[in-house]
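Trainee: Dropping the structure in here first, questions after.
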Amino acid sequence: MKASSLASMIGQLNKVAMGEKKADIVLKNCKLVNVYSREIMPQTQIAILKDRIAYVGKDASHTVGEKTAIIDLEEKFVTPGFADSHIHMDQYILPSELAKHSLLCGTTALFSDPIDIVSVCGYRGFREFVKMTENLPIRVFHMIPGGLPVDRKFSHARTMSQTEQKKAFELENVLGMGEVFSWTKVTTRDPNTIQSLNYILENDGIINGHTAGASDKKLNAYIASGIFSCHEPIDYDQVMERLRLGMWVMVREGSIRRDLDKIMPNVLSQKTYFDRLMFCTDGITPKDLLEFGMIDHCVRKSVSIGMELIDAITIASRNCFEYYKMGKDLGGIAPGKLADILVFDDLNKLKPDKVFVGGKLLVAHGKSVFKNAKLAISKWMTETVKVRRKFTEKDFVVKSKKNSAQALVIRLDTEIITRKDHEDLCVKDGNVIASQEKDVWKVAAIDRTHGTGQQCVGFLKNFGGEIGAFGCTQSFHENDLIIVGSNEKDMAFVANDLVKTQGGMTAVRDGKIICKFEMPVAGLVSKLPLEEAVIKYNEVDKTLIETGCRFKQPHLIPLFLPFLALPEIRILYNGIVDVKNRTYLKILDG
Ligand SMILES: [Fe+2]
């Protein structure tokens with residue numbers, strides 16, 4: 001959504017406020033939730049010219065002309081639009097679908113960190129993604145991913161050079177740098193990292209943080225480097241440690257983690273200031289978006305814990321825009337601000353009856369009244385699974401000349417956390433094989449981004465389930481093609497299927513597909529409407545659970561297997577990595 005500049009509008013807005021020019025829209029009979037004065041103002045009238053608010057007060061009749069549309073809101077509640085302060089929107093569904101459903105939930109602004117698009121497609125992908133979002137009916141602001149490479153020693157994800165970062169920063173609606181993942185790169189003053197931070201700060205940009213595990217001198221050094229927010233605190237103590245040092249905290253309530261109920265009860269009981277808190281999802285699955293909503297869910301949940309509704313709404317709106325230095329344009333309903341306005345029948349349910357963005361009515365009677373423009377997706381964005389061969393069983397063989405072999409095993413403790421383990425495995429025809437009895441599987445990481453043909457095959461324990469193989473092209477933040485399998489034949493089937501469809505998740509048993517969710521845009525995003533995506537996405541987890549998988553969210557397993565920022569052992573196409581000791585590990589002993 002394009003916005004006017006306030007500077008270009010002040011003359012006209014001034015005239016409307018004074019009654020010397022007529023408004024386009026007047027909203028009458030509003031109960032205005034005022035996030036500046038912390039009060040609900042009954043019988044309020046709002047006059048809008050083009051995309052901005054010109055007047056807020058008791059009587060806007062002096063702004064009404066022949067062509068002014070008067071909308072009687074019949075004592076409904078009116079709030080500013082909500083903002084998701086940190087979201088990876090390059091996942092699962094197209095930005096147009098996310099925009100549509102975010103608006104239905106009252107989230108009118110998204111602060112995007114497209115880390116995985118960059119991991120797969122580099123600067124070209126970032127530029128394309130910014131382009132894909134610029135004409136959406138929602139406001140999308142982007143951060144240049146600051147988390148790549150996750151670990152320079154092992155990562156092979158695409159990144160952006162300093163020159164590309166500078167070009168990216170010049171694009172419209174790019175505000176600065178997204179979560180600077182590796183705080184050690186900051187505390188050890190890695191020259192590339194410091195140069196990037198300098199450039200963003202010198203040009204008045206914003207830098208978002210990621211300080212999981214950092215405290216005291218390391219946290220101080222990180223913040224002193226110009227990084228003033230973090231969405232990683234998972235409890236109240238961590239929130240306080242950061243607030244004390246002048247940080248802003250994005251309280252996360254999304255699909256990867258839900259931290260709100262570990263934080264807000266103490267925020268309330270200790271009477272902690274709210275003004276440096278924001279809400280974020282950090283990414284949301286299609287299922288959660290449909291089931292829980294977005295920032296409206298954060299508001300409802302905060303209220304259920306005991307927070308005053310007006311405070312939760314302020315956190316959801318004003319605070320986020322003030323952090324991003326956009327307070328003159330967005331965050332509340334006041335003269336000069338962009339007219340991003342939600343109308344509610346019932347503030348407890350918090351399902352908007354109407355949503356205006358820039359004065360345009362986009363949701364009415366709880367339904368979208370805009371046409372979701374078909375997104376033009378460049379062909380190259382749908383050709384990112386770059387494997388130029390047909391996979392066969394041989395590709396998944398782990399050779400051994402012995403009769404049995406002791407193998408390194410990636411043991412799943414949860415879908416996300418792994419431990420280093422060993423198992424004795426049988427060798428058949430020179431191939432170390434998986435063991436159903438021991439719940440030991442083969443696991444492969446295959447380069448699908450660079451087309452090198454490189455791959456690594458190892459072993460995984462605790463997947464459970466009676467399937468042949470399960471694979472996925474989306475994996476944080478390397479985006480290797482990951483396949484877990486009980487036999488080589490089905491692993492090859494899954495690999496070939498995902499190459500054919502250019503991305504997604506596929507599970508196979510005895511050479512037959514048992515569930516499948518196609519994600520052909522960069523191998524990360526489906527082209528389906530949300531409701532259809534939810535069905536397919538749910539089917540994957542449901543099918544795998546029904547076959548006996550030990551975990552509630554099986555799709556997270558391949559997603560996190562290469563993720564170098566979590567303990568303890570990870571697989572990438574160039575080897576198996578001991579995360580703590582920062583070494584590659586041998587797959588077979590001896
Ligand atoms: Fe994140």
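Here's how to read the names in the structure tokens: chain A, B, ... by the order shown, residue numbers from 1 in each chain, ligand numbers from 1 in the order shown.
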As a quick test: using only C-alpha atoms and all ligand atoms, which residues lie no more than 7 Å away from ligand 1? Give them as a PyMOL selection string.

Mentor: chain A and resi 86-88+179+282

Trainee: Leaving out A:Thr449 and any residue of its chain fewer than 6 positions from it, which residues lie within 12 Å of it when counting only C-alpha atoms, given as a PyMOL selection string?

Mentor: chain A and resi 116-122+156-158+381-388+455+473-475+477-481+499+502-503+522-524+573

Trainee: Those residues with C-alpha atoms, as a PDB file, in the first residue's frame please?

Mentor:
```
ATOM      1  CA  ASP A 116      14.576 -17.634   3.517  1.00  0.00           C
ATOM      2  CA  ILE A 117      13.827 -15.971   0.186  1.00  0.00           C
ATOM      3  CA  VAL A 118      17.300 -14.412   0.424  1.00  0.00           C
ATOM      4  CA  SER A 119      18.796 -17.746   1.512  1.00  0.00           C
ATOM      5  CA  VAL A 120      17.466 -19.316  -1.704  1.00  0.00           C
ATOM      6  CA  CYS A 121      17.510 -16.424  -4.191  1.00  0.00           C
ATOM      7  CA  GLY A 122      19.931 -13.814  -2.769  1.00  0.00           C
ATOM      8  CA  HIS A 156      26.021 -22.159   2.323  1.00  0.00           C
ATOM      9  CA  ALA A 157      22.842 -20.106   2.088  1.00  0.00           C
ATOM     10  CA  ARG A 158      22.906 -17.208  -0.329  1.00  0.00           C
ATOM     11  CA  MET A 381      11.227 -17.826  -8.573  1.00  0.00           C
ATOM     12  CA  THR A 382       9.460 -21.116  -9.261  1.00  0.00           C
ATOM     13  CA  GLU A 383      12.573 -22.880 -10.571  1.00  0.00           C
ATOM     14  CA  THR A 384      14.761 -23.019  -7.480  1.00  0.00           C
ATOM     15  CA  VAL A 385      15.091 -26.754  -6.890  1.00  0.00           C
ATOM     16  CA  LYS A 386      18.195 -26.982  -9.040  1.00  0.00           C
ATOM     17  CA  VAL A 387      18.909 -30.651  -9.316  1.00  0.00           C
ATOM     18  CA  ARG A 388      19.809 -31.868 -12.772  1.00  0.00           C
ATOM     19  CA  GLN A 455      24.672 -34.047  -0.698  1.00  0.00           C
ATOM     20  CA  THR A 473      12.584 -28.155   0.422  1.00  0.00           C
ATOM     21  CA  GLN A 474      12.136 -25.547   3.167  1.00  0.00           C
ATOM     22  CA  SER A 475      14.730 -25.762   5.935  1.00  0.00           C
ATOM     23  CA  HIS A 477      18.001 -21.095   6.907  1.00  0.00           C
ATOM     24  CA  GLU A 478      20.007 -23.173   4.443  1.00  0.00           C
ATOM     25  CA  ASN A 479      17.019 -24.472   2.494  1.00  0.00           C
ATOM     26  CA  ASP A 480      18.597 -27.768   1.562  1.00  0.00           C
ATOM     27  CA  LEU A 481      16.292 -30.525   0.383  1.00  0.00           C
ATOM     28  CA  VAL A 499      12.316 -31.771  -8.015  1.00  0.00           C
ATOM     29  CA  GLN A 502       9.909 -27.567  -7.555  1.00  0.00           C
ATOM     30  CA  GLY A 503       9.321 -27.616  -3.864  1.00  0.00           C
ATOM     31  CA  ALA A 522      11.372 -20.536  -4.045  1.00  0.00           C
ATOM     32  CA  GLY A 523      10.547 -24.003  -2.649  1.00  0.00           C
ATOM     33  CA  LEU A 524       9.070 -22.154   0.340  1.00  0.00           C
ATOM     34  CA  TYR A 573      24.539 -30.892   2.355  1.00  0.00           C
TER      35      TYR A 573
END
```

Trainee: Can you list, as a compact mmCIF listing (two decimals) with all heavy atoms, in the first residue's frame, every residue of stretch 285-480 of chain A that DSSP puts in alpha helix (DSSP H)?

Mentor:
```
# COMPACT_ATOMS: atom_id res chain seq x y z
N PRO A 286 -0.18 -21.51 8.12
CA PRO A 286 -1.55 -21.31 7.64
C PRO A 286 -2.58 -21.77 8.68
O PRO A 286 -3.60 -21.12 8.90
CB PRO A 286 -1.62 -22.17 6.39
CG PRO A 286 -0.22 -22.41 5.96
CD PRO A 286 0.64 -22.30 7.18
N LYS A 287 -2.27 -22.88 9.33
CA LYS A 287 -3.20 -23.45 10.32
C LYS A 287 -3.42 -22.46 11.48
O LYS A 287 -4.54 -22.18 11.87
CB LYS A 287 -2.60 -24.75 10.85
CG LYS A 287 -3.35 -25.42 11.97
CD LYS A 287 -2.63 -26.74 12.31
CE LYS A 287 -3.28 -27.44 13.48
NZ LYS A 287 -2.94 -26.85 14.76
N ASP A 288 -2.32 -21.92 12.01
CA ASP A 288 -2.44 -21.00 13.15
C ASP A 288 -3.10 -19.69 12.76
O ASP A 288 -3.83 -19.09 13.56
CB ASP A 288 -1.06 -20.74 13.76
CG ASP A 288 -0.54 -21.94 14.54
OD1 ASP A 288 -1.33 -22.88 14.74
OD2 ASP A 288 0.63 -21.94 14.94
N LEU A 289 -2.82 -19.24 11.54
CA LEU A 289 -3.43 -17.99 11.08
C LEU A 289 -4.95 -18.13 11.07
O LEU A 289 -5.67 -17.25 11.55
CB LEU A 289 -2.88 -17.64 9.69
CG LEU A 289 -3.46 -16.41 8.99
CD1 LEU A 289 -3.33 -15.16 9.84
CD2 LEU A 289 -2.77 -16.19 7.65
N LEU A 290 -5.42 -19.25 10.56
CA LEU A 290 -6.87 -19.47 10.49
C LEU A 290 -7.45 -19.74 11.89
O LEU A 290 -8.54 -19.29 12.21
CB LEU A 290 -7.14 -20.66 9.56
CG LEU A 290 -8.40 -20.60 8.72
CD1 LEU A 290 -8.47 -19.32 7.90
CD2 LEU A 290 -8.47 -21.79 7.77
N GLU A 291 -6.72 -20.46 12.71
CA GLU A 291 -7.24 -20.89 14.02
C GLU A 291 -7.16 -19.79 15.08
O GLU A 291 -8.11 -19.56 15.83
CB GLU A 291 -6.44 -22.10 14.47
CG GLU A 291 -7.14 -22.94 15.52
CD GLU A 291 -6.35 -24.21 15.79
OE1 GLU A 291 -5.85 -24.83 14.82
OE2 GLU A 291 -6.21 -24.56 16.98
N PHE A 292 -6.01 -19.11 15.15
CA PHE A 292 -5.80 -18.14 16.23
C PHE A 292 -5.93 -16.68 15.80
O PHE A 292 -6.25 -15.82 16.61
CB PHE A 292 -4.39 -18.31 16.85
CG PHE A 292 -4.18 -19.63 17.51
CD1 PHE A 292 -3.44 -20.62 16.89
CD2 PHE A 292 -4.72 -19.89 18.76
CE1 PHE A 292 -3.23 -21.85 17.51
CE2 PHE A 292 -4.52 -21.11 19.39
CZ PHE A 292 -3.78 -22.10 18.75
N ILE A 295 -2.15 -10.55 15.37
CA ILE A 295 -1.89 -9.67 16.50
C ILE A 295 -3.16 -9.51 17.35
O ILE A 295 -3.09 -9.26 18.55
CB ILE A 295 -1.32 -8.33 16.01
CG1 ILE A 295 -0.01 -8.59 15.24
CG2 ILE A 295 -1.08 -7.35 17.14
CD1 ILE A 295 1.08 -9.34 16.00
N ASP A 296 -4.33 -9.68 16.74
CA ASP A 296 -5.59 -9.68 17.51
C ASP A 296 -5.53 -10.77 18.58
O ASP A 296 -6.00 -10.58 19.71
CB ASP A 296 -6.80 -9.90 16.58
CG ASP A 296 -6.66 -11.16 15.73
OD1 ASP A 296 -5.53 -11.44 15.26
OD2 ASP A 296 -7.66 -11.87 15.54
N HIS A 297 -4.91 -11.91 18.25
CA HIS A 297 -4.77 -13.00 19.22
C HIS A 297 -3.89 -12.56 20.39
O HIS A 297 -4.18 -12.88 21.56
CB HIS A 297 -4.19 -14.23 18.51
CG HIS A 297 -3.75 -15.31 19.44
ND1 HIS A 297 -4.64 -16.07 20.15
CD2 HIS A 297 -2.51 -15.73 19.80
CE1 HIS A 297 -3.98 -16.92 20.90
NE2 HIS A 297 -2.68 -16.74 20.71
N CYS A 298 -2.81 -11.83 20.09
CA CYS A 298 -1.92 -11.33 21.16
C CYS A 298 -2.69 -10.40 22.09
O CYS A 298 -2.51 -10.45 23.32
CB CYS A 298 -0.73 -10.56 20.58
SG CYS A 298 0.29 -11.54 19.48
N VAL A 299 -3.54 -9.57 21.51
CA VAL A 299 -4.33 -8.63 22.34
C VAL A 299 -5.30 -9.41 23.22
O VAL A 299 -5.37 -9.21 24.43
CB VAL A 299 -5.08 -7.61 21.45
CG1 VAL A 299 -5.99 -6.72 22.30
CG2 VAL A 299 -4.09 -6.77 20.66
N ARG A 300 -6.02 -10.34 22.59
CA ARG A 300 -6.99 -11.14 23.37
C ARG A 300 -6.29 -11.91 24.48
O ARG A 300 -6.76 -11.95 25.63
CB ARG A 300 -7.71 -12.16 22.45
CG ARG A 300 -8.91 -11.59 21.72
CD ARG A 300 -9.72 -12.69 21.05
NE ARG A 300 -8.94 -13.45 20.09
CZ ARG A 300 -8.77 -13.10 18.81
NH1 ARG A 300 -9.36 -12.02 18.34
NH2 ARG A 300 -8.05 -13.82 18.00
N LYS A 301 -5.15 -12.50 24.16
CA LYS A 301 -4.44 -13.30 25.16
C LYS A 301 -3.93 -12.42 26.30
O LYS A 301 -4.02 -12.80 27.48
CB LYS A 301 -3.28 -14.06 24.50
CG LYS A 301 -2.76 -15.18 25.35
CD LYS A 301 -2.04 -16.22 24.55
CE LYS A 301 -1.50 -17.29 25.49
NZ LYS A 301 -0.64 -18.24 24.82
N SER A 302 -3.43 -11.25 25.99
CA SER A 302 -2.96 -10.33 27.03
C SER A 302 -4.11 -9.93 27.93
O SER A 302 -3.96 -9.85 29.16
CB SER A 302 -2.34 -9.07 26.40
OG SER A 302 -1.24 -9.43 25.60
N VAL A 303 -5.27 -9.68 27.33
CA VAL A 303 -6.44 -9.30 28.12
C VAL A 303 -6.88 -10.46 29.01
O VAL A 303 -7.22 -10.27 30.18
CB VAL A 303 -7.58 -8.82 27.18
CG1 VAL A 303 -8.88 -8.64 27.94
CG2 VAL A 303 -7.17 -7.52 26.49
N SER A 304 -6.79 -11.67 28.47
CA SER A 304 -7.21 -12.84 29.27
C SER A 304 -6.29 -13.03 30.48
O SER A 304 -6.68 -13.59 31.49
CB SER A 304 -7.25 -14.10 28.40
OG SER A 304 -5.92 -14.55 28.17
N ILE A 305 -5.05 -12.54 30.37
CA ILE A 305 -4.10 -12.64 31.48
C ILE A 305 -4.34 -11.52 32.49
O ILE A 305 -3.88 -11.60 33.63
CB ILE A 305 -2.65 -12.59 30.90
CG1 ILE A 305 -2.34 -13.92 30.21
CG2 ILE A 305 -1.61 -12.28 31.94
CD1 ILE A 305 -1.10 -13.89 29.33
N LEU A 309 -7.49 -3.70 28.21
CA LEU A 309 -7.60 -3.78 26.75
C LEU A 309 -6.88 -2.63 26.05
O LEU A 309 -6.16 -2.82 25.06
CB LEU A 309 -9.08 -3.80 26.38
CG LEU A 309 -9.35 -4.01 24.92
CD1 LEU A 309 -9.09 -5.44 24.51
CD2 LEU A 309 -10.77 -3.64 24.60
N ILE A 310 -7.04 -1.44 26.59
CA ILE A 310 -6.46 -0.27 25.92
C ILE A 310 -4.93 -0.36 25.91
O ILE A 310 -4.27 0.08 24.97
CB ILE A 310 -6.99 1.05 26.55
CG1 ILE A 310 -6.70 2.22 25.61
CG2 ILE A 310 -6.46 1.26 27.94
CD1 ILE A 310 -7.54 3.44 25.88
N ASP A 311 -4.36 -0.96 26.95
CA ASP A 311 -2.90 -1.12 26.99
C ASP A 311 -2.45 -2.15 25.95
O ASP A 311 -1.45 -1.96 25.26
CB ASP A 311 -2.44 -1.54 28.38
CG ASP A 311 -2.68 -0.44 29.40
OD1 ASP A 311 -2.59 0.75 29.02
OD2 ASP A 311 -2.98 -0.75 30.57
N ALA A 312 -3.21 -3.24 25.85
CA ALA A 312 -2.86 -4.28 24.87
C ALA A 312 -2.97 -3.72 23.45
O ALA A 312 -2.14 -4.00 22.58
CB ALA A 312 -3.76 -5.49 25.05
N ILE A 313 -3.99 -2.88 23.21
CA ILE A 313 -4.16 -2.28 21.88
C ILE A 313 -3.02 -1.30 21.60
O ILE A 313 -2.51 -1.22 20.48
CB ILE A 313 -5.56 -1.61 21.77
CG1 ILE A 313 -6.63 -2.70 21.70
CG2 ILE A 313 -5.63 -0.66 20.58
CD1 ILE A 313 -8.05 -2.21 21.74
N THR A 314 -2.58 -0.59 22.63
CA THR A 314 -1.46 0.35 22.45
C THR A 314 -0.18 -0.41 22.09
O THR A 314 0.59 0.00 21.21
CB THR A 314 -1.25 1.16 23.75
OG1 THR A 314 -2.49 1.78 24.08
CG2 THR A 314 -0.18 2.22 23.59
N ILE A 315 0.04 -1.55 22.76
CA ILE A 315 1.22 -2.38 22.44
C ILE A 315 1.12 -2.88 20.99
O ILE A 315 2.11 -2.93 20.27
CB ILE A 315 1.31 -3.56 23.44
CG1 ILE A 315 1.61 -3.04 24.85
CG2 ILE A 315 2.39 -4.56 23.01
CD1 ILE A 315 1.50 -4.10 25.95
N ALA A 316 -0.12 -3.22 20.60
CA ALA A 316 -0.33 -3.79 19.25
C ALA A 316 -0.22 -2.74 18.15
O ALA A 316 -0.07 -3.10 16.98
CB ALA A 316 -1.71 -4.43 19.19
N ARG A 318 0.50 1.58 18.55
CA ARG A 318 1.39 2.74 18.69
C ARG A 318 2.85 2.35 18.94
O ARG A 318 3.77 2.88 18.29
CB ARG A 318 0.89 3.60 19.87
CG ARG A 318 1.58 4.93 19.97
CD ARG A 318 1.35 5.58 21.32
NE ARG A 318 2.13 4.94 22.36
CZ ARG A 318 2.08 5.27 23.65
NH1 ARG A 318 1.23 6.20 24.05
NH2 ARG A 318 2.83 4.66 24.54
N ASN A 319 3.07 1.43 19.88
CA ASN A 319 4.45 1.14 20.29
C ASN A 319 5.31 0.67 19.12
O ASN A 319 6.47 1.07 18.99
CB ASN A 319 4.47 0.07 21.38
CG ASN A 319 3.87 0.57 22.68
OD1 ASN A 319 3.32 1.67 22.73
ND2 ASN A 319 3.93 -0.23 23.72
N CYS A 320 4.73 -0.19 18.28
CA CYS A 320 5.51 -0.74 17.17
C CYS A 320 5.94 0.36 16.21
O CYS A 320 7.09 0.43 15.80
CB CYS A 320 4.66 -1.80 16.46
SG CYS A 320 5.45 -2.45 15.00
N PHE A 321 5.00 1.25 15.88
CA PHE A 321 5.35 2.31 14.92
C PHE A 321 6.33 3.30 15.53
O PHE A 321 7.16 3.88 14.82
CB PHE A 321 4.07 3.00 14.42
CG PHE A 321 3.20 2.09 13.62
CD1 PHE A 321 2.01 1.59 14.14
CD2 PHE A 321 3.58 1.68 12.35
CE1 PHE A 321 1.22 0.73 13.41
CE2 PHE A 321 2.80 0.82 11.60
CZ PHE A 321 1.61 0.33 12.13
N GLU A 322 6.25 3.51 16.82
CA GLU A 322 7.22 4.42 17.45
C GLU A 322 8.61 3.80 17.42
O GLU A 322 9.60 4.48 17.16
CB GLU A 322 6.77 4.79 18.86
CG GLU A 322 5.59 5.76 18.73
CD GLU A 322 5.10 6.36 20.01
OE1 GLU A 322 5.56 5.96 21.09
OE2 GLU A 322 4.22 7.24 19.91
N TYR A 323 8.70 2.49 17.67
CA TYR A 323 10.00 1.82 17.59
C TYR A 323 10.60 2.01 16.18
O TYR A 323 11.78 2.29 16.03
CB TYR A 323 9.87 0.33 17.92
CG TYR A 323 11.08 -0.45 17.48
CD1 TYR A 323 12.31 -0.29 18.14
CD2 TYR A 323 11.03 -1.31 16.38
CE1 TYR A 323 13.44 -0.97 17.70
CE2 TYR A 323 12.16 -1.98 15.95
CZ TYR A 323 13.36 -1.81 16.60
OH TYR A 323 14.49 -2.47 16.17
```

Trainee: Report as a list in words all protein, DNA and RNA residues lying within 10 Å of A:Ile223, evaluated on only C-alpha atoms, omitting residues in the same chain fewer than 2 positions from it.

Mentor: Trp183, Val186, Thr187, Gly209, Thr211, Lys217, Lys218, Leu219, Asn220, Ala221, Ser225, Gly226, Ile227, Phe228, Ser229, Cys230, Arg242, Leu245, Gly246 and Met247 of chain A

Trainee: Can I get the selected residues back with all heavy atoms, as a short mmCIF file (atom, residue, chain, number, x, y, z; two decimals), in the first residue's frame?

Mentor:
```cif
data_model
loop_
_atom_site.label_atom_id
_atom_site.label_comp_id
_atom_site.auth_asym_id
_atom_site.auth_seq_id
_atom_site.Cartn_x
_atom_site.Cartn_y
_atom_site.Cartn_z
N TRP A 183 24.92 -13.06 17.68
CA TRP A 183 25.45 -11.95 18.48
C TRP A 183 26.95 -12.07 18.66
O TRP A 183 27.64 -11.09 18.91
CB TRP A 183 24.72 -11.77 19.80
CG TRP A 183 24.49 -12.99 20.65
CD1 TRP A 183 23.35 -13.72 20.72
CD2 TRP A 183 25.42 -13.60 21.55
NE1 TRP A 183 23.51 -14.76 21.59
CE2 TRP A 183 24.77 -14.71 22.13
CE3 TRP A 183 26.73 -13.33 21.94
CZ2 TRP A 183 25.37 -15.53 23.07
CZ3 TRP A 183 27.34 -14.14 22.87
CH2 TRP A 183 26.66 -15.24 23.42
N VAL A 186 28.74 -9.88 16.40
CA VAL A 186 28.75 -8.48 16.85
C VAL A 186 29.76 -8.30 17.98
O VAL A 186 30.58 -7.39 17.95
CB VAL A 186 27.33 -8.06 17.32
CG1 VAL A 186 27.34 -6.62 17.83
CG2 VAL A 186 26.33 -8.22 16.19
N THR A 187 29.74 -9.22 18.97
CA THR A 187 30.61 -9.02 20.13
C THR A 187 32.09 -9.27 19.80
O THR A 187 32.97 -8.79 20.51
CB THR A 187 30.20 -9.94 21.30
OG1 THR A 187 30.19 -11.29 20.85
CG2 THR A 187 28.82 -9.58 21.83
N GLY A 209 17.22 -7.09 16.66
CA GLY A 209 18.16 -7.99 17.32
C GLY A 209 17.66 -9.42 17.46
O GLY A 209 16.50 -9.75 17.17
N THR A 211 18.94 -11.91 20.54
CA THR A 211 19.94 -12.01 21.61
C THR A 211 19.76 -13.25 22.49
O THR A 211 20.14 -13.23 23.66
CB THR A 211 19.91 -10.75 22.51
OG1 THR A 211 18.62 -10.65 23.11
CG2 THR A 211 20.22 -9.50 21.73
N LYS A 217 27.92 -8.50 29.77
CA LYS A 217 28.79 -7.70 28.91
C LYS A 217 28.52 -7.95 27.42
O LYS A 217 28.60 -7.03 26.61
CB LYS A 217 30.27 -7.93 29.26
CG LYS A 217 30.78 -9.32 29.06
CD LYS A 217 32.24 -9.42 29.48
CE LYS A 217 32.76 -10.82 29.20
NZ LYS A 217 34.11 -11.03 29.67
N LYS A 218 28.15 -9.20 27.08
CA LYS A 218 27.89 -9.49 25.67
C LYS A 218 26.61 -8.77 25.20
O LYS A 218 26.56 -8.21 24.11
CB LYS A 218 27.77 -10.99 25.44
CG LYS A 218 29.15 -11.66 25.53
CD LYS A 218 29.07 -13.15 25.53
CE LYS A 218 30.47 -13.73 25.69
NZ LYS A 218 30.46 -15.12 26.10
N LEU A 219 25.60 -8.79 26.06
CA LEU A 219 24.36 -8.09 25.73
C LEU A 219 24.62 -6.59 25.62
O LEU A 219 24.13 -5.92 24.71
CB LEU A 219 23.30 -8.40 26.79
CG LEU A 219 21.89 -7.88 26.52
CD1 LEU A 219 21.33 -8.43 25.22
CD2 LEU A 219 20.95 -8.26 27.68
N ASN A 220 25.40 -6.04 26.55
CA ASN A 220 25.76 -4.62 26.49
C ASN A 220 26.48 -4.28 25.20
O ASN A 220 26.18 -3.29 24.54
CB ASN A 220 26.65 -4.25 27.68
CG ASN A 220 25.84 -3.85 28.90
OD1 ASN A 220 25.48 -2.68 29.05
ND2 ASN A 220 25.52 -4.81 29.76
N ALA A 221 27.45 -5.13 24.83
CA ALA A 221 28.23 -4.87 23.61
C ALA A 221 27.32 -4.90 22.38
O ALA A 221 27.46 -4.09 21.45
CB ALA A 221 29.34 -5.90 23.47
N SER A 225 26.12 -1.62 19.96
CA SER A 225 26.41 -1.63 18.52
C SER A 225 25.21 -1.16 17.70
O SER A 225 25.20 -1.33 16.48
CB SER A 225 26.84 -3.04 18.09
OG SER A 225 27.89 -3.50 18.91
N GLY A 226 24.21 -0.61 18.38
CA GLY A 226 23.09 0.03 17.67
C GLY A 226 21.90 -0.87 17.42
O GLY A 226 21.04 -0.55 16.61
N ILE A 227 21.84 -2.00 18.13
CA ILE A 227 20.73 -2.94 17.91
C ILE A 227 19.79 -2.83 19.11
O ILE A 227 20.12 -3.26 20.22
CB ILE A 227 21.26 -4.38 17.75
CG1 ILE A 227 22.37 -4.40 16.70
CG2 ILE A 227 20.13 -5.32 17.38
CD1 ILE A 227 23.12 -5.71 16.59
N PHE A 228 18.61 -2.26 18.88
CA PHE A 228 17.79 -1.83 20.00
C PHE A 228 16.49 -2.61 20.21
O PHE A 228 15.62 -2.16 20.94
CB PHE A 228 17.47 -0.33 19.86
CG PHE A 228 18.71 0.54 19.87
CD1 PHE A 228 18.86 1.55 18.93
CD2 PHE A 228 19.71 0.33 20.80
CE1 PHE A 228 20.01 2.34 18.93
CE2 PHE A 228 20.86 1.12 20.81
CZ PHE A 228 21.01 2.12 19.88
N SER A 229 16.36 -3.76 19.56
CA SER A 229 15.17 -4.57 19.84
C SER A 229 15.52 -6.05 19.82
O SER A 229 16.55 -6.44 19.25
CB SER A 229 14.07 -4.31 18.80
OG SER A 229 14.42 -4.95 17.58
N CYS A 230 14.65 -6.84 20.44
CA CYS A 230 14.85 -8.30 20.42
C CYS A 230 13.51 -8.98 20.59
O CYS A 230 12.66 -8.52 21.35
CB CYS A 230 15.80 -8.71 21.55
SG CYS A 230 16.14 -10.49 21.51
N ARG A 242 16.67 -6.83 29.19
CA ARG A 242 16.78 -6.04 27.97
C ARG A 242 16.15 -4.66 28.12
O ARG A 242 16.72 -3.66 27.65
CB ARG A 242 16.17 -6.83 26.80
CG ARG A 242 17.14 -7.95 26.38
CD ARG A 242 16.48 -9.15 25.75
NE ARG A 242 17.48 -10.18 25.47
CZ ARG A 242 18.01 -11.00 26.41
NH1 ARG A 242 17.61 -10.93 27.68
NH2 ARG A 242 18.92 -11.89 26.07
N LEU A 245 18.38 -2.14 29.73
CA LEU A 245 19.48 -1.64 28.90
C LEU A 245 18.96 -0.84 27.71
O LEU A 245 19.68 -0.61 26.74
CB LEU A 245 20.35 -2.81 28.42
CG LEU A 245 21.00 -3.63 29.55
CD1 LEU A 245 21.78 -4.82 28.98
CD2 LEU A 245 21.94 -2.77 30.39
N GLY A 246 17.69 -0.45 27.80
CA GLY A 246 17.15 0.45 26.77
C GLY A 246 16.64 -0.23 25.53
O GLY A 246 16.36 0.42 24.53
N MET A 247 16.53 -1.55 25.57
CA MET A 247 16.01 -2.26 24.39
C MET A 247 14.48 -2.20 24.35
O MET A 247 13.83 -2.02 25.37
CB MET A 247 16.40 -3.74 24.47
CG MET A 247 17.63 -4.08 23.68
SD MET A 247 17.81 -5.87 23.51
CE MET A 247 18.72 -5.91 21.98
#
```

Trainee: When DSSP works through the backbone of this structure, what residues of stretch 57-176 of chain A end up as strand (DSSP E), shown as a VMD selection string?

Mentor: chain A and resid 57 69 to 80 82 to 87 107 to 112 139 to 144 174 to 176

Trainee: List every residue of stretch 133-198 of chain A that has an atom at most 10 Å from any atom of stretch 325-341 of chain A, and for each one report the closest atom pair and its distance in Å to one decimal, counting only C-alpha atoms, with rows sorted by chain and then by increasing residue number, as a Markdown table.

Mentor:
```
| residue | atom | partner | partner_atom | distance |
| --- | --- | --- | --- | --- |
| A:Ile138 | CA | A:Asp340 | CA | 9.6 |
| A:Arg139 | CA | A:Asp340 | CA | 9.6 |
| A:Leu175 | CA | A:Lys325 | CA | 9.5 |
```

Trainee: Tell me which protein, DNA and RNA residues are within 12 Å of A:Thr163, counting only C-alpha atoms, leaving out same-chain ones fewer than 4 positions away, and put them as a list in words.

Mentor: Tyr123, Thr159, Lys167, Ala168, Phe169, Glu170, Asn192, Gln195, Ser196 and Tyr199 of chain A
